[in-house]
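Colleague: Got a file for you: work02.csv, CSV, C-alpha atoms and all ligand atoms.
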chain,number,residue,atom,x,y,z
A,1,LYS,CA,-36.8,81.5,120.7
A,2,ALA,CA,-35.1,78.9,118.7
A,3,SER,CA,-35.8,75.8,120.7
A,4,SER,CA,-38.1,74.7,123.5
A,5,PRO,CA,-36.8,73.3,126.8
A,6,ILE,CA,-37.9,69.9,125.6
A,7,GLU,CA,-35.3,69.8,122.9
A,8,ILE,CA,-32.5,71.3,125.0
A,9,ASP,CA,-29.9,69.2,126.7
A,10,PRO,CA,-28.9,71.1,129.8
A,11,PHE,CA,-25.8,69.0,130.3
A,12,SER,CA,-24.4,69.7,126.9
A,13,LEU,CA,-25.0,73.5,127.3
A,14,VAL,CA,-22.2,73.4,129.9
A,15,GLY,CA,-20.5,70.4,128.4
A,16,LYS,CA,-17.2,72.1,128.0
A,17,GLU,CA,-17.0,73.1,131.7
A,18,LEU,CA,-18.3,69.7,132.8
A,19,LYS,CA,-15.6,67.9,130.8
A,20,GLY,CA,-12.9,69.5,133.0
A,21,LEU,CA,-14.8,69.1,136.3
A,22,THR,CA,-13.5,65.8,137.4
A,23,SER,CA,-9.9,66.3,136.4
A,24,ASN,CA,-9.8,69.7,138.2
A,25,ILE,CA,-11.2,68.1,141.3
A,26,LYS,CA,-8.6,65.3,141.2
A,27,LEU,CA,-5.9,68.0,141.0
A,28,ASN,CA,-7.1,69.2,144.4
A,29,ILE,CA,-7.5,66.0,146.3
A,30,GLY,CA,-4.1,64.5,146.1
A,31,SER,CA,-2.4,63.0,149.1
A,32,ASN,CA,0.9,61.3,149.7
A,33,LEU,CA,-1.0,58.7,151.7
A,34,LYS,CA,-1.7,56.3,148.9
A,35,GLN,CA,-4.8,54.7,150.4
A,36,LEU,CA,-6.4,58.1,151.0
A,37,ASP,CA,-5.4,59.3,147.6
A,38,THR,CA,-7.0,56.3,145.9
A,39,LEU,CA,-10.2,56.2,148.0
A,40,SER,CA,-10.8,60.0,147.8
A,41,LYS,CA,-10.7,59.7,144.0
A,42,TYR,CA,-12.7,56.5,143.8
A,43,TYR,CA,-16.2,57.8,143.3
A,44,PHE,CA,-14.9,60.3,140.7
A,45,GLU,CA,-13.8,57.4,138.5
A,46,ALA,CA,-17.4,56.6,137.6
A,47,GLN,CA,-19.6,59.0,135.7
A,48,GLY,CA,-22.0,60.8,138.0
A,49,LYS,CA,-25.0,62.7,136.9
A,50,HIS,CA,-23.4,66.1,137.7
A,51,LEU,CA,-26.7,67.6,138.6
A,52,ARG,CA,-25.4,70.1,141.1
A,53,PRO,CA,-22.4,71.4,139.1
A,54,THR,CA,-24.7,71.7,136.1
A,55,ILE,CA,-27.1,73.9,138.0
A,56,VAL,CA,-24.3,76.0,139.3
A,57,LEU,CA,-22.8,76.5,135.8
A,58,LEU,CA,-26.2,77.2,134.2
A,59,MET,CA,-27.2,79.6,137.0
A,60,ALA,CA,-23.9,81.4,136.5
A,61,GLN,CA,-24.7,81.8,132.8
A,62,ALA,CA,-28.3,82.7,133.3
A,63,THR,CA,-27.4,85.6,135.6
A,64,ALA,CA,-24.2,86.7,133.8
A,65,ASN,CA,-25.7,89.8,132.2
A,66,LEU,CA,-26.8,91.0,135.7
A,67,SER,CA,-23.2,90.7,136.9
A,68,PRO,CA,-21.1,93.9,137.2
A,69,HIS,CA,-18.3,91.8,135.8
A,70,TYR,CA,-20.2,91.1,132.6
A,71,ASN,CA,-18.4,92.3,129.5
A,72,SER,CA,-15.4,93.4,131.5
A,73,PRO,CA,-12.3,92.0,129.7
A,74,LYS,CA,-10.7,91.2,133.0
A,75,HIS,CA,-12.1,90.4,136.4
A,76,LEU,CA,-10.1,90.2,139.6
A,77,SER,CA,-11.6,87.2,141.2
A,78,ASN,CA,-9.1,86.2,143.8
A,79,VAL,CA,-9.0,82.7,142.6
A,80,LEU,CA,-6.1,81.1,141.0
A,81,VAL,CA,-7.4,78.8,138.3
A,82,ASN,CA,-4.4,76.6,138.4
A,83,ASP,CA,-3.6,76.1,142.0
A,84,PRO,CA,-3.6,72.3,142.4
A,85,LEU,CA,-3.4,71.1,145.9
A,86,ALA,CA,-0.8,68.6,145.0
A,87,PRO,CA,0.3,66.1,147.6
A,88,ASP,CA,1.7,68.0,150.6
A,89,SER,CA,1.3,71.4,148.9
A,90,ILE,CA,-0.9,72.5,151.7
A,91,LEU,CA,1.7,71.9,154.3
A,92,HIS,CA,4.7,73.1,152.4
A,93,ASP,CA,3.7,75.7,150.0
A,94,HIS,CA,0.8,77.5,151.7
A,95,ASN,CA,1.2,81.2,151.0
A,96,PRO,CA,-2.0,83.2,151.0
A,97,SER,CA,-0.6,86.0,148.8
A,98,PHE,CA,-0.1,83.3,146.1
A,99,HIS,CA,-3.8,83.0,145.7
A,100,ASN,CA,-4.6,86.5,144.3
A,101,GLY,CA,-4.9,85.7,140.7
A,102,ILE,CA,-6.7,87.2,137.8
A,103,SER,CA,-9.2,85.1,136.0
A,104,TYR,CA,-11.0,86.0,132.8
A,105,GLN,CA,-14.6,85.8,132.1
A,106,GLY,CA,-14.9,83.5,129.2
A,107,GLN,CA,-17.3,83.9,126.3
A,108,ASP,CA,-19.6,81.5,128.1
A,109,GLY,CA,-20.2,84.0,130.9
A,110,ILE,CA,-19.0,81.8,133.6
A,111,LEU,CA,-16.4,83.1,136.0
A,112,ALA,CA,-13.4,81.0,137.3
A,113,THR,CA,-14.9,81.3,140.8
A,114,GLN,CA,-18.2,79.9,139.6
A,115,ARG,CA,-16.5,77.0,137.9
A,116,ARG,CA,-14.6,76.4,141.1
A,117,LEU,CA,-17.9,76.4,143.0
A,118,ALA,CA,-19.2,73.7,140.8
A,119,GLU,CA,-16.2,71.6,141.7
A,120,ILE,CA,-16.6,72.3,145.4
A,121,VAL,CA,-20.2,71.4,145.4
A,122,GLU,CA,-19.6,68.1,143.7
A,123,MET,CA,-16.8,67.3,146.2
A,124,ILE,CA,-19.2,67.9,149.1
A,125,HIS,CA,-21.8,65.8,147.4
A,126,VAL,CA,-19.3,62.9,146.9
A,127,ALA,CA,-18.2,63.3,150.6
A,128,SER,CA,-21.8,62.9,151.6
A,129,LEU,CA,-22.2,59.8,149.4
A,130,LEU,CA,-19.1,58.2,151.0
A,131,HIS,CA,-20.6,58.7,154.5
A,132,ASP,CA,-24.0,57.7,153.2
A,133,ASP,CA,-22.8,54.4,151.9
A,134,VAL,CA,-21.4,53.5,155.3
A,135,VAL,CA,-24.6,54.6,157.1
A,136,ASP,CA,-26.8,52.8,154.6
A,137,ASP,CA,-24.6,49.7,154.4
A,138,ALA,CA,-24.7,50.0,150.6
A,139,ASP,CA,-23.0,47.5,148.3
A,140,THR,CA,-22.9,49.5,145.1
A,141,ARG,CA,-22.6,53.1,144.0
A,142,ARG,CA,-22.4,54.5,140.5
A,143,GLY,CA,-22.5,51.0,139.0
A,144,ALA,CA,-19.5,49.7,140.9
A,145,PRO,CA,-18.8,48.2,144.4
A,146,SER,CA,-19.3,50.9,147.0
A,147,ALA,CA,-16.3,52.4,148.8
A,148,PRO,CA,-17.1,50.7,152.1
A,149,VAL,CA,-17.2,47.3,150.4
A,150,LYS,CA,-13.9,47.9,148.6
A,151,PHE,CA,-12.0,49.8,151.3
A,152,GLY,CA,-13.8,49.4,154.6
A,153,ASN,CA,-15.9,51.7,156.7
A,154,LYS,CA,-13.1,53.5,158.5
A,155,LEU,CA,-11.2,54.6,155.5
A,156,THR,CA,-14.4,55.6,153.7
A,157,ILE,CA,-15.3,57.9,156.5
A,158,PHE,CA,-11.9,59.4,156.5
A,159,ALA,CA,-12.0,59.9,152.8
A,160,GLY,CA,-15.3,61.9,153.1
A,161,ASP,CA,-13.7,64.1,155.8
A,162,PHE,CA,-10.6,64.6,153.7
A,163,LEU,CA,-12.8,65.8,150.7
A,164,LEU,CA,-14.6,68.2,153.0
A,165,GLY,CA,-11.2,69.6,154.2
A,166,ARG,CA,-10.0,70.1,150.7
A,167,ALA,CA,-13.3,71.6,149.6
A,168,SER,CA,-13.0,74.0,152.5
A,169,ILE,CA,-9.7,75.3,151.3
A,170,MET,CA,-11.1,75.8,147.8
A,171,LEU,CA,-14.1,77.6,149.4
A,172,ALA,CA,-11.8,79.9,151.3
A,173,ARG,CA,-10.0,80.8,148.2
A,174,LEU,CA,-13.2,82.1,146.6
A,175,ARG,CA,-12.8,85.0,149.1
A,176,SER,CA,-16.5,85.3,149.6
A,177,LEU,CA,-17.9,85.2,153.1
A,178,GLU,CA,-21.4,85.1,151.8
A,179,VAL,CA,-20.7,81.9,149.8
A,180,ALA,CA,-18.7,80.3,152.6
A,181,GLU,CA,-21.6,80.9,155.0
A,182,LEU,CA,-24.1,79.4,152.6
A,183,ILE,CA,-22.0,76.3,151.9
A,184,GLY,CA,-21.0,75.8,155.5
A,185,ALA,CA,-24.7,75.9,156.6
A,186,THR,CA,-25.6,73.4,154.0
A,187,ILE,CA,-23.0,70.9,155.1
A,188,ALA,CA,-24.5,71.1,158.6
A,189,ASN,CA,-28.0,70.7,157.0
A,190,LEU,CA,-26.9,67.4,155.3
A,191,VAL,CA,-26.0,66.0,158.7
A,192,GLU,CA,-29.2,67.3,160.3
A,193,GLY,CA,-31.2,65.6,157.6
A,194,GLU,CA,-29.5,62.3,158.1
A,195,VAL,CA,-29.9,62.5,161.9
A,196,LYS,CA,-33.6,63.3,161.5
A,197,GLN,CA,-34.0,60.3,159.2
A,198,LEU,CA,-32.1,58.1,161.7
A,199,ASN,CA,-34.3,59.1,164.6
A,200,GLU,CA,-37.7,58.9,162.8
A,201,THR,CA,-40.4,57.2,164.9
A,202,TYR,CA,-44.1,57.1,164.5
A,203,GLU,CA,-45.0,56.9,168.2
A,204,SER,CA,-48.6,58.0,168.3
A,205,SER,CA,-50.5,59.3,171.4
A,206,SER,CA,-54.2,59.7,171.4
A,207,ARG,CA,-54.3,62.0,168.4
A,208,ASP,CA,-56.2,60.9,165.4
A,209,LEU,CA,-54.5,59.0,162.6
A,210,GLN,CA,-54.8,61.8,160.0
A,211,THR,CA,-52.8,64.1,162.3
A,212,VAL,CA,-50.2,61.5,162.9
A,213,ILE,CA,-49.8,60.9,159.2
A,214,ASP,CA,-49.8,64.6,158.4
A,215,GLU,CA,-47.0,65.2,160.9
A,216,ALA,CA,-45.0,62.2,159.5
A,217,PHE,CA,-45.3,63.9,156.1
A,218,GLU,CA,-44.1,67.2,157.5
A,219,ARG,CA,-41.0,65.5,159.0
A,220,TYR,CA,-40.4,63.6,155.8
A,221,LEU,CA,-40.4,66.8,153.7
A,222,SER,CA,-38.3,68.7,156.2
A,223,LYS,CA,-35.8,65.9,156.2
A,224,THR,CA,-35.8,65.8,152.4
A,225,TYR,CA,-35.0,69.5,152.3
A,226,LEU,CA,-32.1,69.1,154.7
A,227,LYS,CA,-30.5,66.0,153.1
A,228,THR,CA,-31.0,66.9,149.4
A,229,ALA,CA,-32.6,70.2,148.5
A,230,SER,CA,-30.4,72.3,150.8
A,231,LEU,CA,-27.2,71.7,148.9
A,232,ILE,CA,-28.8,72.2,145.5
A,233,SER,CA,-30.6,75.5,146.6
A,234,SER,CA,-27.6,76.9,148.4
A,235,SER,CA,-25.2,76.2,145.6
A,236,SER,CA,-27.6,77.7,143.1
A,237,ARG,CA,-27.8,80.9,145.2
A,238,ALA,CA,-24.0,80.9,145.7
A,239,ALA,CA,-23.4,80.9,142.0
A,240,VAL,CA,-25.4,84.1,141.7
A,241,CYS,CA,-23.5,85.6,144.7
A,242,LEU,CA,-20.2,84.9,143.0
A,243,GLY,CA,-21.3,86.8,139.9
A,244,GLY,CA,-21.5,89.9,142.2
A,245,VAL,CA,-25.2,90.4,141.3
A,246,GLY,CA,-26.6,93.2,143.5
A,247,VAL,CA,-23.2,94.5,144.6
A,248,ASN,CA,-23.0,97.6,142.4
A,249,GLU,CA,-26.7,97.7,141.7
A,250,ASN,CA,-29.6,97.9,144.0
A,251,TRP,CA,-29.2,95.5,146.9
A,252,ALA,CA,-32.8,94.5,146.8
A,253,GLU,CA,-32.7,93.6,143.2
A,254,GLY,CA,-29.7,91.4,143.9
A,255,GLU,CA,-31.6,89.7,146.7
A,256,TYR,CA,-34.6,89.2,144.4
A,257,ILE,CA,-32.4,87.3,141.9
A,258,LYS,CA,-30.6,85.3,144.6
A,259,ASP,CA,-33.9,84.3,146.2
A,260,ALA,CA,-35.2,83.2,142.8
A,261,ALA,CA,-32.0,81.0,142.3
A,262,TYR,CA,-32.5,79.6,145.8
A,263,ASP,CA,-36.2,78.8,145.2
A,264,TYR,CA,-35.4,77.2,141.9
A,265,GLY,CA,-32.8,74.9,143.6
A,266,ARG,CA,-35.0,74.1,146.6
A,267,ASN,CA,-38.0,73.1,144.6
A,268,LEU,CA,-36.0,71.2,142.0
A,269,GLY,CA,-34.1,69.4,144.8
A,270,MET,CA,-37.4,68.4,146.5
A,271,ALA,CA,-38.7,67.0,143.3
A,272,PHE,CA,-35.4,65.2,142.6
A,273,GLN,CA,-35.5,63.4,146.0
A,274,LEU,CA,-39.2,62.5,145.6
A,275,VAL,CA,-38.4,60.9,142.2
A,276,ASP,CA,-35.4,59.2,143.8
A,277,ASP,CA,-37.7,57.7,146.5
A,278,MET,CA,-40.1,56.5,143.8
A,279,LEU,CA,-37.2,54.8,141.9
A,280,ASP,CA,-36.6,52.8,145.0
A,281,TYR,CA,-39.9,51.0,144.3
A,282,THR,CA,-39.4,50.4,140.6
A,283,SER,CA,-36.9,47.7,140.0
A,284,SER,CA,-36.9,48.0,136.2
A,285,ALA,CA,-34.0,50.4,135.8
A,286,ASP,CA,-30.4,49.6,136.7
A,287,LEU,CA,-29.8,52.3,139.3
A,288,GLY,CA,-26.1,51.6,139.8
A,289,LYS,CA,-26.9,51.6,143.6
A,290,PRO,CA,-29.2,49.6,145.8
A,291,GLY,CA,-32.8,49.8,144.8
A,292,GLU,CA,-35.9,47.5,145.0
A,293,GLY,CA,-37.0,48.4,148.4
A,294,ALA,CA,-33.6,49.4,149.8
A,295,ASP,CA,-35.2,52.3,151.7
A,296,MET,CA,-37.7,50.0,153.4
A,297,GLN,CA,-35.0,47.6,154.3
A,298,LEU,CA,-33.4,50.5,156.1
A,299,GLY,CA,-36.7,51.0,157.9
A,300,LEU,CA,-37.5,54.2,155.9
A,301,ALA,CA,-41.0,55.1,154.9
A,302,THR,CA,-40.8,57.6,152.0
A,303,ALA,CA,-43.6,59.4,150.2
A,304,PRO,CA,-45.2,56.4,148.4
A,305,ALA,CA,-45.5,54.5,151.7
A,306,LEU,CA,-46.8,57.6,153.6
A,307,PHE,CA,-49.5,58.1,150.9
A,308,ALA,CA,-50.4,54.4,151.1
A,309,TRP,CA,-50.7,54.8,154.9
A,310,ARG,CA,-53.2,57.6,154.4
A,311,GLU,CA,-55.2,55.5,152.0
A,312,PHE,CA,-55.1,52.1,153.8
A,313,GLY,CA,-54.7,53.1,157.4
A,314,ASP,CA,-53.4,50.5,159.8
A,315,GLU,CA,-52.8,47.8,157.2
A,316,MET,CA,-49.9,49.9,156.1
A,317,GLY,CA,-49.3,51.9,159.3
A,318,THR,CA,-48.4,48.8,161.3
A,319,LEU,CA,-45.6,48.0,158.9
A,320,ILE,CA,-44.3,51.5,158.8
A,321,LYS,CA,-44.3,51.8,162.6
A,322,ARG,CA,-42.3,48.7,163.1
A,323,LYS,CA,-40.0,49.8,160.3
A,324,PHE,CA,-40.7,46.8,158.0
A,325,LYS,CA,-38.5,44.6,160.2
A,326,HIS,CA,-40.7,41.5,160.5
A,327,PRO,CA,-40.0,38.9,157.8
A,328,GLY,CA,-42.1,39.6,154.7
A,329,ASP,CA,-42.9,43.2,155.7
A,330,VAL,CA,-41.0,44.8,152.8
A,331,GLN,CA,-42.8,42.6,150.3
A,332,LYS,CA,-46.2,43.2,151.9
A,333,ALA,CA,-45.6,47.0,152.0
A,334,LYS,CA,-44.6,46.9,148.3
A,335,GLU,CA,-47.9,45.2,147.5
A,336,ILE,CA,-49.9,47.7,149.4
A,337,VAL,CA,-48.1,50.6,147.8
A,338,ALA,CA,-48.7,49.0,144.4
A,339,LYS,CA,-52.4,48.8,144.9
A,340,SER,CA,-52.5,52.4,146.4
A,341,GLN,CA,-52.3,55.8,144.8
A,342,GLY,CA,-48.8,56.2,146.5
A,343,MET,CA,-46.8,56.3,143.3
A,344,PRO,CA,-49.0,58.6,141.3
A,345,LYS,CA,-49.6,60.9,144.3
A,346,THR,CA,-45.8,61.1,144.8
A,347,ALA,CA,-45.3,61.9,141.1
A,348,GLU,CA,-48.0,64.6,141.4
A,349,LEU,CA,-46.2,66.1,144.4
A,350,ALA,CA,-42.9,66.1,142.4
A,351,VAL,CA,-44.7,67.9,139.6
A,352,ASN,CA,-46.0,70.6,142.0
A,353,TYR,CA,-42.5,71.3,143.2
A,354,ILE,CA,-41.3,71.4,139.6
A,355,GLU,CA,-44.0,74.0,138.8
A,356,LYS,CA,-42.7,76.1,141.6
A,357,ALA,CA,-39.1,75.7,140.4
A,358,LYS,CA,-40.2,77.0,137.0
A,359,SER,CA,-42.0,80.0,138.4
A,360,ALA,CA,-38.9,80.9,140.3
A,361,LEU,CA,-36.8,80.5,137.2
A,362,HIS,CA,-39.1,82.9,135.3
A,363,LYS,CA,-38.0,85.7,137.6
A,364,LEU,CA,-34.6,85.6,135.7
A,365,PRO,CA,-34.1,87.2,132.3
A,366,GLU,CA,-34.7,85.0,129.3
A,367,SER,CA,-31.7,83.2,128.1
A,368,GLU,CA,-30.5,79.9,126.6
A,369,ALA,CA,-29.1,79.0,130.0
A,370,ARG,CA,-32.4,79.7,131.6
A,371,ASP,CA,-34.0,77.4,129.1
A,372,GLY,CA,-31.4,74.8,130.1
A,373,LEU,CA,-32.4,75.1,133.7
A,374,GLU,CA,-36.0,74.6,132.7
A,375,ALA,CA,-35.1,71.6,130.6
A,376,LEU,CA,-33.5,70.2,133.7
A,377,CYS,CA,-36.9,70.3,135.4
A,378,LEU,CA,-38.2,67.9,132.8
A,379,LYS,CA,-35.2,65.6,133.1
A,380,VAL,CA,-35.7,65.4,136.9
A,381,LEU,CA,-39.2,64.2,136.4
A,382,ASP,CA,-38.4,61.8,133.6
A,383,ARG,CA,-35.3,60.2,135.0
A,384,VAL,CA,-35.1,56.5,135.4
A,385,LYS,CA,-31.8,56.2,137.2
B,401,LIG,C1,-28.1,60.1,149.8
B,401,LIG,O1,-29.4,59.8,150.2
B,401,LIG,C2,-27.4,60.9,150.8
B,401,LIG,C3,-27.5,62.2,151.0
B,401,LIG,C4,-28.5,63.0,150.2
B,401,LIG,C5,-26.8,62.9,152.1
B,401,LIG,C6,-25.9,62.1,153.0
B,401,LIG,C7,-25.3,62.9,154.1
B,401,LIG,C8,-24.6,62.4,155.1
B,401,LIG,C9,-24.3,61.0,155.3
B,401,LIG,C10,-24.1,63.4,156.2
B,401,LIG,C11,-22.6,63.6,156.1
B,401,LIG,C12,-22.4,64.7,155.2
B,401,LIG,C13,-21.1,65.0,154.7
B,401,LIG,C14,-21.0,66.3,153.8
B,401,LIG,C15,-19.9,64.3,154.9
B,401,LIG,P1,-30.0,58.3,150.0
B,401,LIG,O2,-29.3,57.4,150.9
B,401,LIG,O3,-31.5,58.5,150.2
B,401,LIG,O4,-29.7,58.0,148.5
B,401,LIG,P2,-28.9,56.9,147.8
B,401,LIG,O5,-29.9,56.0,147.2
B,401,LIG,O6,-28.2,57.7,146.7
B,401,LIG,O7,-28.0,56.2,148.7
B,402,MG,MG,-29.0,57.5,153.0
B,403,MG,MG,-28.0,55.7,150.6
When written as structure tokens, how does the structure in this file appear?
Ligand code: FPP
Ligand code: MG
Ligand code: MG
Modeller:
Amino acid sequence: KASSPIEIDPFSLVGKELKGLTSNIKLNIGSNLKQLDTLSKYYFEAQGKHLRPTIVLLMAQATANLSPHYNSPKHLSNVLVNDPLAPDSILHDHNPSFHNGISYQGQDGILATQRRLAEIVEMIHVASLLHDDVVDDADTRRGAPSAPVKFGNKLTIFAGDFLLGRASIMLARLRSLEVAELIGATIANLVEGEVKQLNETYESSSRDLQTVIDEAFERYLSKTYLKTASLISSSSRAAVCLGGVGVNENWAEGEYIKDAAYDYGRNLGMAFQLVDDMLDYTSSADLGKPGEGADMQLGLATAPALFAWREFGDEMGTLIKRKFKHPGDVQKAKEIVAKSQGMPKTAELAVNYIEKAKSALHKLPESEARDGLEALCLKVLDRVK
């Protein structure tokens, strides 16, 4: 092989597709209601990391030669590449027969439907960020004032809902029940993750402390799957589904590849959130969003705090149980975490997930795109913002 994953930039492998991503999304979220139009587009003005679309596009490429559409000059994909949902077009021009278009598989092996999926997934992600910034009372996002600060909570919630509505139309136009089901389920998972986080308590009965902490860890990891890894894993799987993998071939072989794509996304997603939770403790980088203990200020005990609880017992447990709400609690907890193995243990856990993501990936045939997905593993562990 020409280059190792360390030298590959996964984002530039699909740079051409990523370049059109935001403008394509904007074509589909127009509204004649000026406030709604502006706010729905607001988080797309700043540069996001585009982690989810990058995974979708690379997974599409990495499984292209398993697709029955591969090498076919034309592919009837039931998606019209240029069907902007311009202001009011939904209400006035909606004609289902209009959406049966032909799209061509480009030389990059990515179908129009898969490119569309990348856009849909980013829209859902941004919708969740809009709601999240209301829930978390966040002042900043993507290096700028957050939507609630600029436009208020009510409009921000509506803009998130609006994005979900438009994403649903685009999803329907993919004409894949399998993918609609996957994406629908993951939207519900996002909400379940948030509610689980909101309701977290550490009420202990007579059980021993280790059990209490183990169970808190289980709930933390389950919540992390729901709020972060679910969207990444489902969209990774959905990219393979849209390629038609397993349709003409052996069904079981298709499932094997889809499961591999899902497992890659799930484990990478878990690692991504663990690193995100670590970054909340390290104030050095400019995150572009609240950091420096923002999670604890919200009452949340993430992996580093839970590990410190295991190591220091009640000294940390007391703070966690009262959700760091007494004056000085956040600072005290930071100090305990700093003297504990919380950060290195969290990093180790993230590395374990990344190792699992890589083994899942190795079930796919070798390709440059697969190397890109592997390179993404390293980027997730190394990121500073
Ligand atoms: C960021 O987490 C937020 C999420 C991963 C999901 C938020 C989901 C909802 C608010 C449910 C509603 C969902 C939709 C689709 C409208 P974080 O707060 O830990 O990270 P941050 O530091 O980026 O804010
Ligand atoms: Mg949140
Ligand atoms: Mg938040």
Colleague: Please report as CSV every residue of chain A lying within 9 Å of ligand MG 403 (chain B), along with the nearest atom pair and their distance in Å (one decimal), using all atoms listed in the file.
Modeller:
residue,atom,partner,partner_atom,distance
A:Leu129,CA,B:MG403,MG,7.2
A:His131,CA,B:MG403,MG,8.9
A:Asp132,CA,B:MG403,MG,5.2
A:Asp133,CA,B:MG403,MG,5.5
A:Val134,CA,B:MG403,MG,8.4
A:Val135,CA,B:MG403,MG,7.4
A:Asp136,CA,B:MG403,MG,5.1
A:Asp137,CA,B:MG403,MG,7.9
A:Ala138,CA,B:MG403,MG,6.6
A:Arg141,CA,B:MG403,MG,8.9
A:Lys289,CA,B:MG403,MG,8.2
A:Pro290,CA,B:MG403,MG,7.9
A:Ala294,CA,B:MG403,MG,8.5
A:Asp295,CA,B:MG403,MG,8.0
Colleague: Excluding stretch 342-349 of chain A and any residue of its chain fewer than 6 positions from it, enumerate the residues within 9 Å of it, using only C-alpha atoms, and give them as a PDB file with C-alpha atoms, in the coordinates of the input.
Modeller:
ATOM      1  CA  ALA A 271     -38.700  67.000 143.300  1.00  0.00           C
ATOM      2  CA  LEU A 274     -39.200  62.500 145.600  1.00  0.00           C
ATOM      3  CA  VAL A 275     -38.400  60.900 142.200  1.00  0.00           C
ATOM      4  CA  ASP A 277     -37.700  57.700 146.500  1.00  0.00           C
ATOM      5  CA  MET A 278     -40.100  56.500 143.800  1.00  0.00           C
ATOM      6  CA  TYR A 281     -39.900  51.000 144.300  1.00  0.00           C
ATOM      7  CA  ALA A 303     -43.600  59.400 150.200  1.00  0.00           C
ATOM      8  CA  PRO A 304     -45.200  56.400 148.400  1.00  0.00           C
ATOM      9  CA  ALA A 305     -45.500  54.500 151.700  1.00  0.00           C
ATOM     10  CA  LEU A 306     -46.800  57.600 153.600  1.00  0.00           C
ATOM     11  CA  PHE A 307     -49.500  58.100 150.900  1.00  0.00           C
ATOM     12  CA  ALA A 308     -50.400  54.400 151.100  1.00  0.00           C
ATOM     13  CA  TRP A 309     -50.700  54.800 154.900  1.00  0.00           C
ATOM     14  CA  GLU A 311     -55.200  55.500 152.000  1.00  0.00           C
ATOM     15  CA  LEU A 381     -39.200  64.200 136.400  1.00  0.00           C
TER      16      LEU A 381
END
Colleague: Please measure the separation of atom CA of A:Ile8 and atom CA of A:Gly288, giving the value in Å to one decimal.
Modeller: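 Computed distance, atom CA of A:Ile8 to atom CA of A:Gly288, equals 25.5 Å.
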Colleague: Within 6 Å of ligand LIG 401 (chain B) (counting all atoms listed in the file), which residues show up? I'd like them as a list in words.
Modeller: Ile124, Ala127, Ser128, Leu129, His131, Asp132, Gly160, Ile187, Leu190, Val191, Glu194, Lys227 and Thr228 of chain A
Colleague: Report, in Å with one decimal, the straight-line distance from atom CA of A:Ala229 to atom CA of A:Ala260.
Modeller: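 One can read the atom CA of A:Ala229 to atom CA of A:Ala260 distance as 14.4 Å.
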Colleague: Which one of A:Ala216, A:Ile169, A:Val247, A:Leu21 sits closest to A:Leu300 if you count only C-alpha atoms?
Modeller: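 Going through A:Ala216, A:Ile169, A:Val247, A:Leu21 one by one, the smallest distance to A:Leu300 is for A:Ala216.
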Colleague: What does the distance from atom CA of A:Leu18 to atom CA of A:Leu279 come to in Å, to one decimal?
Modeller: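 About the pair atom CA of A:Leu18 and atom CA of A:Leu279: they are 25.7 Å apart.
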Colleague: Looking at all atoms listed in the file, which of A:Thr63, A:Ala172, A:Gly299, A:Val56 is the one that sits closest to ligand MG 402 (chain B)?
Modeller: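 With all atoms listed in the file as the atom set, the closest residue is A:Gly299.
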Colleague: Name the residues in contact with stretch 356-370 of chain A at a cut-off of 7 Å, using only C-alpha atoms, excluding same-chain residues fewer than 3 positions from it; report them as a list of chain:residue names.
Modeller: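 Listing them by chain and then by number gives A:Leu58, A:Gln61, A:Ala62, A:Ile257, A:Ala260, A:Asp263, A:Tyr264, A:Asn267, A:Leu268, A:Asn352, A:Tyr353, A:Leu373, A:Glu374.
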Colleague: Which residues come within 10 Å of A:Leu66, counting all atoms listed in the file, excluding same-chain residues fewer than 6 positions away, as a PyMOL selection string?
Modeller: chain A and resi 240+243-246+249+253-254+257+364-365
Colleague: Given the choices A:Tyr262, A:Phe151, A:Trp251, A:Phe44, which gets closest to A:Ser233 if the distance is worked out from only C-alpha atoms?
Modeller: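 Among the listed residues, A:Tyr262 lies closest to A:Ser233.
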Colleague: Find the residues around A:Gly313 up to 12 Å (only C-alpha atoms counted), leave out those fewer than 2 positions away in its own chain, and share them as a PDB file with C-alpha atoms, keeping the file's coordinate frame.
Modeller:
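Dumped to around.pdb:
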ATOM      1  CA  ASP A 208     -56.200  60.900 165.400  1.00  0.00           C
ATOM      2  CA  LEU A 209     -54.500  59.000 162.600  1.00  0.00           C
ATOM      3  CA  GLN A 210     -54.800  61.800 160.000  1.00  0.00           C
ATOM      4  CA  VAL A 212     -50.200  61.500 162.900  1.00  0.00           C
ATOM      5  CA  ILE A 213     -49.800  60.900 159.200  1.00  0.00           C
ATOM      6  CA  ALA A 305     -45.500  54.500 151.700  1.00  0.00           C
ATOM      7  CA  LEU A 306     -46.800  57.600 153.600  1.00  0.00           C
ATOM      8  CA  PHE A 307     -49.500  58.100 150.900  1.00  0.00           C
ATOM      9  CA  ALA A 308     -50.400  54.400 151.100  1.00  0.00           C
ATOM     10  CA  TRP A 309     -50.700  54.800 154.900  1.00  0.00           C
ATOM     11  CA  ARG A 310     -53.200  57.600 154.400  1.00  0.00           C
ATOM     12  CA  GLU A 311     -55.200  55.500 152.000  1.00  0.00           C
ATOM     13  CA  GLU A 315     -52.800  47.800 157.200  1.00  0.00           C
ATOM     14  CA  MET A 316     -49.900  49.900 156.100  1.00  0.00           C
ATOM     15  CA  GLY A 317     -49.300  51.900 159.300  1.00  0.00           C
ATOM     16  CA  THR A 318     -48.400  48.800 161.300  1.00  0.00           C
ATOM     17  CA  LEU A 319     -45.600  48.000 158.900  1.00  0.00           C
ATOM     18  CA  ILE A 320     -44.300  51.500 158.800  1.00  0.00           C
ATOM     19  CA  LYS A 321     -44.300  51.800 162.600  1.00  0.00           C
ATOM     20  CA  ILE A 336     -49.900  47.700 149.400  1.00  0.00           C
ATOM     21  CA  VAL A 337     -48.100  50.600 147.800  1.00  0.00           C
ATOM     22  CA  SER A 340     -52.500  52.400 146.400  1.00  0.00           C
TER      23      SER A 340
END
